[in-house]
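For reference, model-v7.cif (mmCIF, C-alpha atoms and all ligand atoms):
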```
data_protein
loop_
_atom_site.group_PDB
_atom_site.id
_atom_site.type_symbol
_atom_site.label_atom_id
_atom_site.label_comp_id
_atom_site.auth_asym_id
_atom_site.auth_seq_id
_atom_site.Cartn_x
_atom_site.Cartn_y
_atom_site.Cartn_z
ATOM 1 C CA MET A 448 -43.065 -100.293 4.759
ATOM 2 C CA LYS A 449 -45.257 -97.776 6.553
ATOM 3 C CA THR A 450 -46.852 -95.384 4.116
ATOM 4 C CA LEU A 451 -48.353 -95.193 0.649
ATOM 5 C CA ARG A 452 -48.154 -92.575 -2.083
ATOM 6 C CA LEU A 453 -50.217 -92.592 -5.281
ATOM 7 C CA ILE A 454 -49.047 -90.772 -8.405
ATOM 8 C CA TYR A 455 -50.991 -90.821 -11.651
ATOM 9 C CA PHE A 456 -51.692 -89.078 -14.939
ATOM 10 C CA SER A 457 -55.305 -89.599 -15.974
ATOM 11 C CA PRO A 458 -57.081 -87.209 -18.364
ATOM 12 C CA THR A 459 -60.259 -89.318 -18.628
ATOM 13 C CA GLY A 460 -60.183 -90.822 -15.131
ATOM 14 C CA THR A 461 -59.762 -94.565 -15.748
ATOM 15 C CA THR A 462 -56.167 -94.721 -14.479
ATOM 16 C CA GLN A 463 -57.168 -92.728 -11.408
ATOM 17 C CA LYS A 464 -59.962 -95.197 -10.648
ATOM 18 C CA ILE A 465 -57.630 -98.195 -10.955
ATOM 19 C CA ILE A 466 -54.810 -96.686 -8.882
ATOM 20 C CA ARG A 467 -57.212 -95.623 -6.139
ATOM 21 C CA GLU A 468 -58.753 -99.101 -6.001
ATOM 22 C CA ILE A 469 -55.340 -100.774 -5.737
ATOM 23 C CA GLY A 470 -54.239 -98.239 -3.098
ATOM 24 C CA LYS A 471 -57.411 -98.692 -1.071
ATOM 25 C CA ASN A 472 -56.744 -102.402 -0.744
ATOM 26 C CA ILE A 473 -53.174 -102.134 0.487
ATOM 27 C CA GLY A 474 -53.007 -101.895 4.258
ATOM 28 C CA LEU A 475 -50.750 -98.840 4.363
ATOM 29 C CA GLU A 476 -51.453 -95.281 5.445
ATOM 30 C CA LEU A 477 -52.034 -93.067 2.390
ATOM 31 C CA ILE A 478 -49.834 -90.006 2.864
ATOM 32 C CA SER A 479 -50.302 -88.358 -0.509
ATOM 33 C CA GLU A 480 -52.138 -88.635 -3.788
ATOM 34 C CA ASN A 481 -50.619 -86.730 -6.706
ATOM 35 C CA ASN A 482 -52.703 -86.262 -9.814
ATOM 36 C CA ILE A 483 -50.116 -85.032 -12.328
ATOM 37 C CA THR A 484 -52.504 -84.758 -15.280
ATOM 38 C CA LYS A 485 -52.106 -80.998 -15.695
ATOM 39 C CA SER A 486 -48.812 -79.969 -17.341
ATOM 40 C CA ASN A 487 -46.306 -78.420 -14.957
ATOM 41 C CA THR A 488 -47.979 -79.847 -11.844
ATOM 42 C CA GLU A 489 -45.611 -79.271 -8.932
ATOM 43 C CA ILE A 490 -45.233 -82.235 -6.594
ATOM 44 C CA ASP A 491 -42.867 -83.118 -3.780
ATOM 45 C CA SER A 492 -40.157 -84.905 -5.759
ATOM 46 C CA LYS A 493 -38.524 -86.557 -2.750
ATOM 47 C CA ILE A 494 -39.829 -90.050 -2.025
ATOM 48 C CA ASP A 495 -39.584 -91.211 1.607
ATOM 49 C CA ASP A 496 -37.517 -94.355 2.136
ATOM 50 C CA ASN A 497 -40.288 -96.167 4.008
ATOM 51 C CA CYS A 498 -43.013 -95.304 1.508
ATOM 52 C CA LEU A 499 -44.536 -97.556 -1.152
ATOM 53 C CA THR A 500 -45.291 -95.567 -4.327
ATOM 54 C CA ILE A 501 -47.850 -96.674 -6.895
ATOM 55 C CA ILE A 502 -47.541 -94.948 -10.270
ATOM 56 C CA GLY A 503 -50.277 -95.203 -12.909
ATOM 57 C CA MET A 504 -50.048 -94.048 -16.519
ATOM 58 C CA PRO A 505 -52.323 -94.430 -19.550
ATOM 59 C CA VAL A 506 -50.872 -95.904 -22.740
ATOM 60 C CA TYR A 507 -50.615 -93.535 -25.714
ATOM 61 C CA GLY A 508 -49.470 -95.191 -28.938
ATOM 62 C CA GLY A 509 -47.943 -98.068 -26.970
ATOM 63 C CA ARG A 510 -45.872 -95.652 -24.882
ATOM 64 C CA ILE A 511 -46.074 -93.423 -21.794
ATOM 65 C CA PRO A 512 -47.505 -89.948 -22.628
ATOM 66 C CA LEU A 513 -44.682 -87.449 -23.134
ATOM 67 C CA THR A 514 -46.369 -84.769 -21.045
ATOM 68 C CA ALA A 515 -46.405 -87.134 -18.030
ATOM 69 C CA ILE A 516 -42.765 -88.159 -18.405
ATOM 70 C CA GLU A 517 -41.555 -84.602 -17.726
ATOM 71 C CA THR A 518 -43.099 -84.663 -14.235
ATOM 72 C CA LEU A 519 -42.191 -88.280 -13.490
ATOM 73 C CA GLN A 520 -38.512 -87.729 -14.249
ATOM 74 C CA LYS A 521 -38.266 -85.223 -11.387
ATOM 75 C CA LEU A 522 -39.008 -87.890 -8.728
ATOM 76 C CA LYS A 523 -36.092 -88.946 -6.547
ATOM 77 C CA SER A 524 -36.093 -92.199 -4.630
ATOM 78 C CA ASN A 525 -33.374 -93.979 -2.712
ATOM 79 C CA GLN A 526 -34.278 -97.550 -3.722
ATOM 80 C CA SER A 527 -37.767 -97.343 -2.195
ATOM 81 C CA PRO A 528 -40.326 -99.769 -3.708
ATOM 82 C CA VAL A 529 -42.607 -98.792 -6.573
ATOM 83 C CA VAL A 530 -45.559 -100.507 -8.245
ATOM 84 C CA ILE A 531 -46.065 -99.499 -11.863
ATOM 85 C CA VAL A 532 -49.404 -99.668 -13.677
ATOM 86 C CA ALA A 533 -50.236 -99.001 -17.327
ATOM 87 C CA THR A 534 -53.879 -98.497 -18.335
ATOM 88 C CA TYR A 535 -54.720 -99.162 -21.970
ATOM 89 C CA GLY A 536 -57.822 -99.020 -24.130
ATOM 90 C CA ASN A 537 -58.092 -102.730 -25.061
ATOM 91 C CA ARG A 538 -55.788 -102.496 -28.097
ATOM 92 C CA ASP A 539 -52.319 -103.162 -26.611
ATOM 93 C CA TYR A 540 -49.918 -101.664 -24.095
ATOM 94 C CA ASP A 541 -46.894 -102.572 -26.259
ATOM 95 C CA ASP A 542 -43.767 -101.100 -24.588
ATOM 96 C CA ALA A 543 -45.461 -98.724 -22.135
ATOM 97 C CA LEU A 544 -44.902 -100.738 -18.966
ATOM 98 C CA LEU A 545 -41.294 -101.422 -19.894
ATOM 99 C CA GLU A 546 -40.804 -97.715 -20.547
ATOM 100 C CA LEU A 547 -42.420 -96.818 -17.219
ATOM 101 C CA ASN A 548 -40.086 -99.277 -15.514
ATOM 102 C CA GLU A 549 -37.075 -97.582 -17.102
ATOM 103 C CA ILE A 550 -38.302 -94.132 -16.026
ATOM 104 C CA THR A 551 -38.886 -95.195 -12.409
ATOM 105 C CA THR A 552 -35.596 -97.108 -12.251
ATOM 106 C CA ASN A 553 -33.785 -93.966 -13.411
ATOM 107 C CA CYS A 554 -35.506 -92.068 -10.574
ATOM 108 C CA GLY A 555 -33.924 -94.539 -8.120
ATOM 109 C CA PHE A 556 -36.992 -96.712 -7.421
ATOM 110 C CA LYS A 557 -36.949 -100.470 -7.052
ATOM 111 C CA THR A 558 -39.873 -101.948 -9.011
ATOM 112 C CA ILE A 559 -41.570 -104.690 -7.001
ATOM 113 C CA ALA A 560 -44.661 -105.237 -9.172
ATOM 114 C CA GLY A 561 -46.277 -104.120 -12.397
ATOM 115 C CA ALA A 562 -49.658 -104.472 -14.052
ATOM 116 C CA ALA A 563 -51.512 -103.615 -17.229
ATOM 117 C CA PHE A 564 -55.196 -102.796 -16.747
ATOM 118 C CA ILE A 565 -57.861 -101.910 -19.287
ATOM 119 C CA GLY A 566 -59.737 -98.602 -19.270
ATOM 120 C CA GLU A 567 -62.414 -97.286 -21.617
ATOM 121 C CA HIS A 568 -60.599 -96.069 -24.709
ATOM 122 C CA SER A 569 -60.312 -92.294 -24.862
ATOM 123 C CA PHE A 570 -61.709 -92.467 -28.424
ATOM 124 C CA SER A 571 -64.697 -94.626 -27.424
ATOM 125 C CA SER A 572 -68.167 -93.250 -28.149
ATOM 126 C CA ASP A 573 -71.727 -94.544 -27.811
ATOM 127 C CA GLU A 574 -71.762 -95.317 -31.543
ATOM 128 C CA LYS A 575 -68.305 -96.975 -31.561
ATOM 129 C CA PRO A 576 -67.720 -98.268 -28.020
ATOM 130 C CA ILE A 577 -64.216 -99.505 -27.193
ATOM 131 C CA ALA A 578 -63.796 -101.054 -23.726
ATOM 132 C CA LYS A 579 -66.869 -99.057 -22.696
ATOM 133 C CA ASN A 580 -67.235 -98.520 -18.922
ATOM 134 C CA ARG A 581 -63.969 -100.199 -18.010
ATOM 135 C CA PRO A 582 -62.606 -100.600 -15.429
ATOM 136 C CA ASP A 583 -65.780 -102.476 -14.470
ATOM 137 C CA LYS A 584 -66.688 -104.586 -11.421
ATOM 138 C CA GLU A 585 -64.508 -107.505 -12.549
ATOM 139 C CA ASP A 586 -61.553 -105.195 -13.087
ATOM 140 C CA LEU A 587 -61.975 -103.710 -9.617
ATOM 141 C CA VAL A 588 -61.888 -107.217 -8.117
ATOM 142 C CA LYS A 589 -58.614 -107.713 -9.995
ATOM 143 C CA CYS A 590 -57.292 -104.456 -8.519
ATOM 144 C CA LYS A 591 -57.984 -105.952 -5.112
ATOM 145 C CA ASN A 592 -56.272 -109.239 -6.059
ATOM 146 C CA PHE A 593 -53.265 -107.292 -7.292
ATOM 147 C CA ALA A 594 -53.144 -105.313 -4.032
ATOM 148 C CA GLN A 595 -53.103 -108.592 -2.103
ATOM 149 C CA MET A 596 -50.185 -109.842 -4.222
ATOM 150 C CA ILE A 597 -48.291 -106.619 -3.490
ATOM 151 C CA THR A 598 -48.977 -106.883 0.239
ATOM 152 C CA ALA A 599 -47.743 -110.486 0.263
ATOM 153 C CA LYS A 600 -44.610 -109.464 -1.581
ATOM 154 C CA LEU A 601 -43.906 -106.615 0.838
ATOM 155 C CA ASN A 602 -43.963 -109.153 3.656
ATOM 156 C CA GLU A 603 -41.237 -111.290 2.066
ATOM 157 C CA THR A 604 -37.801 -110.996 3.639
ATOM 158 C CA ASP A 605 -35.925 -110.795 0.347
ATOM 159 C CA ILE A 606 -38.067 -108.821 -2.148
ATOM 160 C CA ASN A 607 -37.299 -109.755 -5.737
ATOM 161 C CA SER A 608 -37.324 -106.786 -8.100
ATOM 162 C CA ASP A 609 -36.182 -108.700 -11.178
ATOM 163 C CA LEU A 610 -39.489 -108.694 -13.071
ATOM 164 C CA ASP A 611 -40.055 -110.042 -16.559
ATOM 165 C CA ILE A 612 -42.106 -107.073 -17.808
ATOM 166 C CA SER A 613 -43.666 -107.380 -21.253
ATOM 167 C CA GLY A 614 -42.372 -105.061 -23.994
ATOM 168 C CA ASN A 615 -39.534 -104.625 -26.461
ATOM 169 C CA TYR A 616 -36.466 -102.492 -27.106
ATOM 170 C CA PRO A 617 -36.188 -100.330 -29.038
ATOM 171 C CA TYR A 618 -39.551 -98.970 -27.968
ATOM 172 C CA LYS A 619 -42.329 -98.538 -30.493
ATOM 173 C CA LYS A 620 -41.874 -95.277 -32.384
ATOM 174 C CA ARG A 621 -44.151 -92.523 -31.074
ATOM 175 C CA GLY A 622 -47.010 -91.652 -33.426
ATOM 176 C CA GLN A 623 -48.405 -88.144 -33.698
ATOM 177 C CA ILE A 624 -51.918 -87.303 -34.813
ATOM 178 C CA PRO A 625 -51.756 -83.990 -36.718
ATOM 179 C CA GLY A 626 -53.069 -81.155 -34.513
ATOM 180 C CA GLU A 627 -55.599 -80.043 -37.105
ATOM 181 C CA PHE A 628 -57.778 -83.068 -36.218
ATOM 182 C CA HIS A 629 -58.311 -81.917 -32.607
ATOM 183 C CA PRO A 630 -61.775 -82.070 -30.950
ATOM 184 C CA THR A 631 -64.006 -79.143 -31.806
ATOM 185 C CA THR A 632 -67.011 -77.472 -30.177
ATOM 186 C CA ASP A 633 -70.565 -77.520 -31.421
ATOM 187 C CA ILE A 634 -71.281 -73.946 -30.360
ATOM 188 C CA ASP A 635 -75.073 -74.515 -30.507
ATOM 189 C CA LYS A 636 -74.777 -77.023 -27.627
ATOM 190 C CA CYS A 637 -72.044 -75.154 -25.716
ATOM 191 C CA ASP A 638 -72.854 -72.789 -22.826
ATOM 192 C CA LEU A 639 -69.216 -71.662 -22.401
ATOM 193 C CA CYS A 640 -69.033 -73.261 -18.922
ATOM 194 C CA GLY A 641 -65.274 -73.749 -19.313
ATOM 195 C CA ILE A 642 -65.090 -77.332 -18.016
ATOM 196 C CA CYS A 643 -63.274 -78.409 -21.198
ATOM 197 C CA ALA A 644 -60.587 -75.760 -20.672
ATOM 198 C CA GLU A 645 -60.248 -76.700 -17.010
ATOM 199 C CA LYS A 646 -59.857 -80.421 -17.789
ATOM 200 C CA CYS A 647 -57.421 -79.974 -20.682
ATOM 201 C CA PRO A 648 -53.981 -81.139 -19.408
ATOM 202 C CA THR A 649 -52.062 -78.868 -21.786
ATOM 203 C CA ASN A 650 -54.269 -75.749 -21.572
ATOM 204 C CA ALA A 651 -54.996 -76.012 -25.290
ATOM 205 C CA ILE A 652 -58.528 -74.613 -24.952
ATOM 206 C CA THR A 653 -59.400 -70.923 -24.546
ATOM 207 C CA ILE A 654 -62.894 -69.677 -23.735
ATOM 208 C CA THR A 655 -63.983 -66.190 -24.785
ATOM 209 C CA ASP A 656 -67.355 -65.630 -26.413
ATOM 210 C CA THR A 657 -66.503 -68.840 -28.233
ATOM 211 C CA VAL A 658 -64.189 -71.854 -27.734
ATOM 212 C CA THR A 659 -60.787 -71.968 -29.410
ATOM 213 C CA THR A 660 -58.523 -75.017 -29.476
ATOM 214 C CA ASN A 661 -54.798 -74.839 -30.114
ATOM 215 C CA GLY A 662 -54.130 -77.953 -32.201
ATOM 216 C CA ASP A 663 -50.386 -77.724 -31.566
ATOM 217 C CA LEU A 664 -50.972 -78.223 -27.837
ATOM 218 C CA CYS A 665 -53.750 -80.848 -28.103
ATOM 219 C CA THR A 666 -52.641 -84.376 -27.141
ATOM 220 C CA PHE A 667 -55.971 -85.966 -28.166
ATOM 221 C CA CYS A 668 -56.513 -87.192 -24.597
ATOM 222 C CA CYS A 669 -60.252 -86.452 -25.083
ATOM 223 C CA ALA A 670 -60.783 -85.199 -21.524
ATOM 224 C CA CYS A 671 -62.694 -82.256 -23.027
ATOM 225 C CA VAL A 672 -65.012 -84.666 -24.866
ATOM 226 C CA LYS A 673 -65.598 -87.001 -21.904
ATOM 227 C CA TYR A 674 -66.234 -84.260 -19.335
ATOM 228 C CA CYS A 675 -68.362 -81.883 -21.420
ATOM 229 C CA PRO A 676 -71.786 -81.862 -19.694
ATOM 230 C CA HIS A 677 -73.572 -80.933 -22.929
ATOM 231 C CA GLU A 678 -71.858 -83.289 -25.410
ATOM 232 C CA ALA A 679 -70.704 -80.165 -27.216
ATOM 233 C CA ARG A 680 -67.079 -81.304 -27.635
ATOM 234 C CA ILE A 681 -66.861 -83.608 -30.613
ATOM 235 C CA VAL A 682 -64.295 -85.531 -32.607
ATOM 236 C CA ASP A 683 -65.701 -85.714 -36.081
ATOM 237 C CA ASN A 684 -63.293 -85.644 -39.002
ATOM 238 C CA PRO A 685 -62.379 -88.356 -41.533
ATOM 239 C CA THR A 686 -58.942 -89.074 -40.000
ATOM 240 C CA MET A 687 -60.179 -89.538 -36.422
ATOM 241 C CA ASN A 688 -63.311 -91.353 -37.571
ATOM 242 C CA ALA A 689 -61.119 -93.862 -39.447
ATOM 243 C CA ILE A 690 -58.977 -94.433 -36.317
ATOM 244 C CA LYS A 691 -62.095 -94.934 -34.194
ATOM 245 C CA GLU A 692 -63.602 -97.337 -36.718
ATOM 246 C CA LYS A 693 -60.393 -99.388 -36.889
ATOM 247 C CA LEU A 694 -60.229 -99.642 -33.085
ATOM 248 C CA PHE A 695 -63.904 -100.571 -32.892
ATOM 249 C CA VAL A 696 -63.503 -103.316 -35.486
ATOM 250 C CA ASN A 697 -60.196 -104.745 -34.222
ATOM 251 C CA CYS A 698 -60.225 -104.156 -30.474
ATOM 252 C CA SER A 699 -63.694 -105.085 -29.303
ATOM 253 C CA GLU A 700 -62.792 -108.514 -27.904
ATOM 254 C CA ARG A 701 -62.377 -108.198 -24.163
ATOM 255 C CA LYS A 702 -58.817 -108.253 -22.839
ATOM 256 C CA GLU A 703 -57.967 -108.952 -19.204
ATOM 257 C CA PRO A 704 -55.512 -107.326 -16.778
ATOM 258 C CA GLU A 705 -51.993 -108.790 -16.549
ATOM 259 C CA PHE A 706 -49.721 -108.844 -13.523
ATOM 260 C CA PHE A 707 -45.946 -108.928 -13.155
ATOM 261 C CA VAL A 708 -45.044 -109.730 -9.558
HETATM 262 C C1 LIG A 801 -53.505 -90.307 -27.959
HETATM 263 C C2 LIG A 801 -53.949 -91.630 -27.395
HETATM 264 C C3 LIG A 801 -53.289 -92.796 -27.747
HETATM 265 C C4 LIG A 801 -53.714 -94.028 -27.226
HETATM 266 N N1 LIG A 801 -53.017 -95.157 -27.564
HETATM 267 C C5 LIG A 801 -53.435 -96.358 -27.088
HETATM 268 C C6 LIG A 801 -52.730 -97.547 -27.416
HETATM 269 O O1 LIG A 801 -51.671 -97.535 -28.046
HETATM 270 N N2 LIG A 801 -53.241 -98.731 -26.985
HETATM 271 C C7 LIG A 801 -54.415 -98.814 -26.274
HETATM 272 O O2 LIG A 801 -54.862 -99.917 -25.988
HETATM 273 N N3 LIG A 801 -55.063 -97.682 -25.882
HETATM 274 C C8 LIG A 801 -54.593 -96.466 -26.251
HETATM 275 N N4 LIG A 801 -55.235 -95.321 -25.861
HETATM 276 C C9 LIG A 801 -56.359 -95.418 -24.913
HETATM 277 C C10 LIG A 801 -55.951 -95.103 -23.474
HETATM 278 O O3 LIG A 801 -54.771 -95.779 -23.125
HETATM 279 C C11 LIG A 801 -57.072 -95.537 -22.523
HETATM 280 O O4 LIG A 801 -58.275 -94.977 -22.919
HETATM 281 C C12 LIG A 801 -56.804 -95.175 -21.080
HETATM 282 O O5 LIG A 801 -57.745 -95.880 -20.286
HETATM 283 C C13 LIG A 801 -56.930 -93.684 -20.815
HETATM 284 O O6 LIG A 801 -56.543 -93.404 -19.496
HETATM 285 P P1 LIG A 801 -57.188 -92.211 -18.618
HETATM 286 O O7 LIG A 801 -58.672 -92.512 -18.504
HETATM 287 O O8 LIG A 801 -56.524 -92.364 -17.300
HETATM 288 O O9 LIG A 801 -56.936 -90.944 -19.305
HETATM 289 C C14 LIG A 801 -54.821 -94.089 -26.348
HETATM 290 C C15 LIG A 801 -55.474 -92.899 -25.987
HETATM 291 C C16 LIG A 801 -55.042 -91.686 -26.497
HETATM 292 C C17 LIG A 801 -55.736 -90.438 -26.061
#
```

Represent the structure from my file as structure tokens, please.
Ligand SMILES: Cc1cc2nc3c(=O)[nH]c(=O)nc-3n(C[C@H](O)[C@H](O)[C@H](O)COP(=O)(O)O)c2cc1C
Amino acid sequence: MKTLRLIYFSPTGTTQKIIREIGKNIGLELISENNITKSNTEIDSKIDDNCLTIIGMPVYGGRIPLTAIETLQKLKSNQSPVVIVATYGNRDYDDALLELNEITTNCGFKTIAGAAFIGEHSFSSDEKPIAKNRPDKEDLVKCKNFAQMITAKLNETDINSDLDISGNYPYKKRGQIPGEFHPTTDIDKCDLCGICAEKCPTNAITITDTVTTNGDLCTFCCACVKYCPHEARIVDNPTMNAIKEKLFVNCSERKEPEFFV
């Protein structure tokens, strides 16, 4: 194995941080980093035979986000090795890693390792923190440990790709939060800078002399909320507040990364 390629979908940046940290600690030359967060991102779909690919995805409702799957499915590998990583917000990753394994296998990859890491929940706030500031220092050490396990495995003569990845078939049914509950803008705090529109993976936000959000396109990734420099993007409606409260009450106990090697 000579080179390394990183591919990730990461609206609020936690998956990106984890994948970069793992990649940094593998002694291979990084030839490309593909952030596929924006819908319709064009990437080179051909994977070199002597390249290790690391793919990172956040968990949405125990599954891989639909908008990311469209891009992932275009990848074509000829049995080159892949490491799959699911990042979840301290509730559960359910069937996401298993689903990611199926997607990459269908692209022709051979999965040599998998991991579930924890990232600050997209719905976390200062009032109701959920996995706040994760991945933290301890998580980053675990990224390094995982990278060492991968390196050791790559040096084996007969690399086993028969991993016992956690998850169930049939996969958990996808949930859908009704679009009407999308984040909104407090126009008194907003200076129309457009960062929310730029960060939105599905281009659901339009800036004119005000900010309009298309609820049908919103995936509730909360990138607009996390990246707004003025805290003008807010999620404040009874449905979303109930979800946030439930997560805060039930998912505050720290979970730790898991490895499948
Ligand atoms: C729509 C949606 C659904 C989510 N579902 C789950 C879930 O089922 N389990 C969980 O633990 N976290 C869940 N999360 C939290 C994300 O997996 C977590 O915040 C992740 O770190 C986000 O990755 P990113 O920073 O790369 O965007 C969900 C987040 C969103 C936006």

Pull the closest atom pair for each residue of chain A that gets at most 9 Å from ligand LIG 801 (chain A), along with the distance in Å to one decimal, counting all atoms listed in the file, ordering rows by chain and then ascending residue number, as CSV.
```
residue,atom,partner,partner_atom,distance
A:Tyr455,CA,A:LIG801,O8,8.1
A:Phe456,CA,A:LIG801,O8,6.3
A:Ser457,CA,A:LIG801,O8,3.3
A:Pro458,CA,A:LIG801,O9,3.9
A:Thr459,CA,A:LIG801,O7,3.6
A:Gly460,CA,A:LIG801,O7,4.1
A:Thr461,CA,A:LIG801,O7,3.6
A:Thr462,CA,A:LIG801,O8,3.7
A:Gln463,CA,A:LIG801,O8,5.9
A:Lys464,CA,A:LIG801,O8,8.0
A:Ile465,CA,A:LIG801,O8,8.7
A:Thr484,CA,A:LIG801,O9,8.6
A:Gly503,CA,A:LIG801,O8,8.1
A:Met504,CA,A:LIG801,O8,6.7
A:Pro505,CA,A:LIG801,O6,4.3
A:Val506,CA,A:LIG801,O3,3.9
A:Tyr507,CA,A:LIG801,N1,3.4
A:Gly508,CA,A:LIG801,O1,3.3
A:Gly509,CA,A:LIG801,O1,3.9
A:Arg510,CA,A:LIG801,O1,6.9
A:Pro512,CA,A:LIG801,C1,8.0
A:Ala533,CA,A:LIG801,O3,8.0
A:Thr534,CA,A:LIG801,O5,5.1
A:Tyr535,CA,A:LIG801,O3,3.6
A:Gly536,CA,A:LIG801,N3,3.5
A:Asn537,CA,A:LIG801,O2,4.4
A:Arg538,CA,A:LIG801,O2,3.5
A:Asp539,CA,A:LIG801,O2,4.2
A:Tyr540,CA,A:LIG801,N2,5.3
A:Asp541,CA,A:LIG801,O1,7.2
A:Ala543,CA,A:LIG801,O1,8.7
A:Phe564,CA,A:LIG801,O5,8.2
A:Ile565,CA,A:LIG801,O5,6.1
A:Gly566,CA,A:LIG801,O5,3.5
A:Glu567,CA,A:LIG801,O4,4.9
A:His568,CA,A:LIG801,O4,3.1
A:Ser569,CA,A:LIG801,O4,3.9
A:Phe570,CA,A:LIG801,C15,6.7
A:Ser571,CA,A:LIG801,O4,7.9
A:Ile577,CA,A:LIG801,O4,8.6
A:Ala578,CA,A:LIG801,O4,8.3
A:Arg581,CA,A:LIG801,O5,7.9
A:Pro582,CA,A:LIG801,O5,8.3
A:Gly622,CA,A:LIG801,C3,8.5
A:Gln623,CA,A:LIG801,C1,8.0
A:Ile624,CA,A:LIG801,C1,7.6
A:Thr666,CA,A:LIG801,C1,6.0
A:Phe667,CA,A:LIG801,C17,4.9
A:Cys668,CA,A:LIG801,C17,3.6
A:Cys669,CA,A:LIG801,C17,6.1
A:Ala670,CA,A:LIG801,O9,7.3
A:Leu694,CA,A:LIG801,O2,8.9
A:Cys698,CA,A:LIG801,O2,8.2
```

Those selected residues, please, written with C-alpha atoms and delivered as a PDB file, in the coordinates of the input.
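The file below, part-v8.pdb, is the result:
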```
ATOM      1  CA  TYR A 455     -50.991 -90.821 -11.651  1.00  0.00           C
ATOM      2  CA  PHE A 456     -51.692 -89.078 -14.939  1.00  0.00           C
ATOM      3  CA  SER A 457     -55.305 -89.599 -15.974  1.00  0.00           C
ATOM      4  CA  PRO A 458     -57.081 -87.209 -18.364  1.00  0.00           C
ATOM      5  CA  THR A 459     -60.259 -89.318 -18.628  1.00  0.00           C
ATOM      6  CA  GLY A 460     -60.183 -90.822 -15.131  1.00  0.00           C
ATOM      7  CA  THR A 461     -59.762 -94.565 -15.748  1.00  0.00           C
ATOM      8  CA  THR A 462     -56.167 -94.721 -14.479  1.00  0.00           C
ATOM      9  CA  GLN A 463     -57.168 -92.728 -11.408  1.00  0.00           C
ATOM     10  CA  LYS A 464     -59.962 -95.197 -10.648  1.00  0.00           C
ATOM     11  CA  ILE A 465     -57.630 -98.195 -10.955  1.00  0.00           C
ATOM     12  CA  THR A 484     -52.504 -84.758 -15.280  1.00  0.00           C
ATOM     13  CA  GLY A 503     -50.277 -95.203 -12.909  1.00  0.00           C
ATOM     14  CA  MET A 504     -50.048 -94.048 -16.519  1.00  0.00           C
ATOM     15  CA  PRO A 505     -52.323 -94.430 -19.550  1.00  0.00           C
ATOM     16  CA  VAL A 506     -50.872 -95.904 -22.740  1.00  0.00           C
ATOM     17  CA  TYR A 507     -50.615 -93.535 -25.714  1.00  0.00           C
ATOM     18  CA  GLY A 508     -49.470 -95.191 -28.938  1.00  0.00           C
ATOM     19  CA  GLY A 509     -47.943 -98.068 -26.970  1.00  0.00           C
ATOM     20  CA  ARG A 510     -45.872 -95.652 -24.882  1.00  0.00           C
ATOM     21  CA  PRO A 512     -47.505 -89.948 -22.628  1.00  0.00           C
ATOM     22  CA  ALA A 533     -50.236 -99.001 -17.327  1.00  0.00           C
ATOM     23  CA  THR A 534     -53.879 -98.497 -18.335  1.00  0.00           C
ATOM     24  CA  TYR A 535     -54.720 -99.162 -21.970  1.00  0.00           C
ATOM     25  CA  GLY A 536     -57.822 -99.020 -24.130  1.00  0.00           C
ATOM     26  CA  ASN A 537     -58.092-102.730 -25.061  1.00  0.00           C
ATOM     27  CA  ARG A 538     -55.788-102.496 -28.097  1.00  0.00           C
ATOM     28  CA  ASP A 539     -52.319-103.162 -26.611  1.00  0.00           C
ATOM     29  CA  TYR A 540     -49.918-101.664 -24.095  1.00  0.00           C
ATOM     30  CA  ASP A 541     -46.894-102.572 -26.259  1.00  0.00           C
ATOM     31  CA  ALA A 543     -45.461 -98.724 -22.135  1.00  0.00           C
ATOM     32  CA  PHE A 564     -55.196-102.796 -16.747  1.00  0.00           C
ATOM     33  CA  ILE A 565     -57.861-101.910 -19.287  1.00  0.00           C
ATOM     34  CA  GLY A 566     -59.737 -98.602 -19.270  1.00  0.00           C
ATOM     35  CA  GLU A 567     -62.414 -97.286 -21.617  1.00  0.00           C
ATOM     36  CA  HIS A 568     -60.599 -96.069 -24.709  1.00  0.00           C
ATOM     37  CA  SER A 569     -60.312 -92.294 -24.862  1.00  0.00           C
ATOM     38  CA  PHE A 570     -61.709 -92.467 -28.424  1.00  0.00           C
ATOM     39  CA  SER A 571     -64.697 -94.626 -27.424  1.00  0.00           C
ATOM     40  CA  ILE A 577     -64.216 -99.505 -27.193  1.00  0.00           C
ATOM     41  CA  ALA A 578     -63.796-101.054 -23.726  1.00  0.00           C
ATOM     42  CA  ARG A 581     -63.969-100.199 -18.010  1.00  0.00           C
ATOM     43  CA  PRO A 582     -62.606-100.600 -15.429  1.00  0.00           C
ATOM     44  CA  GLY A 622     -47.010 -91.652 -33.426  1.00  0.00           C
ATOM     45  CA  GLN A 623     -48.405 -88.144 -33.698  1.00  0.00           C
ATOM     46  CA  ILE A 624     -51.918 -87.303 -34.813  1.00  0.00           C
ATOM     47  CA  THR A 666     -52.641 -84.376 -27.141  1.00  0.00           C
ATOM     48  CA  PHE A 667     -55.971 -85.966 -28.166  1.00  0.00           C
ATOM     49  CA  CYS A 668     -56.513 -87.192 -24.597  1.00  0.00           C
ATOM     50  CA  CYS A 669     -60.252 -86.452 -25.083  1.00  0.00           C
ATOM     51  CA  ALA A 670     -60.783 -85.199 -21.524  1.00  0.00           C
ATOM     52  CA  LEU A 694     -60.229 -99.642 -33.085  1.00  0.00           C
ATOM     53  CA  CYS A 698     -60.225-104.156 -30.474  1.00  0.00           C
TER      54      CYS A 698
END
```

Worksheet entry | Counting only C-alpha atoms, the option among A:Thr598, A:Glu700, A:Lys485, A:Asp583 closest to Cys647 (chain A) |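 For Cys647 (chain A), the nearest of the candidates is A:Lys485.
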
Discussion item. List as a list in words the protein and nucleic acid residues near Thr660 (chain A), meaning an atom at most 12 Å away when all atoms listed in the file are counted, but skip any in the same chain fewer than 6 places from it.
Written reply: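 Answer for this query is Gly626, Glu627, Phe628, His629, Pro630, Thr631, Thr632, Cys643, Ala644, Cys647, Thr649, Asn650, Ala651, Ile652, Thr653, Ile654, Thr666, Phe667, Cys671 and Arg680 of chain A.
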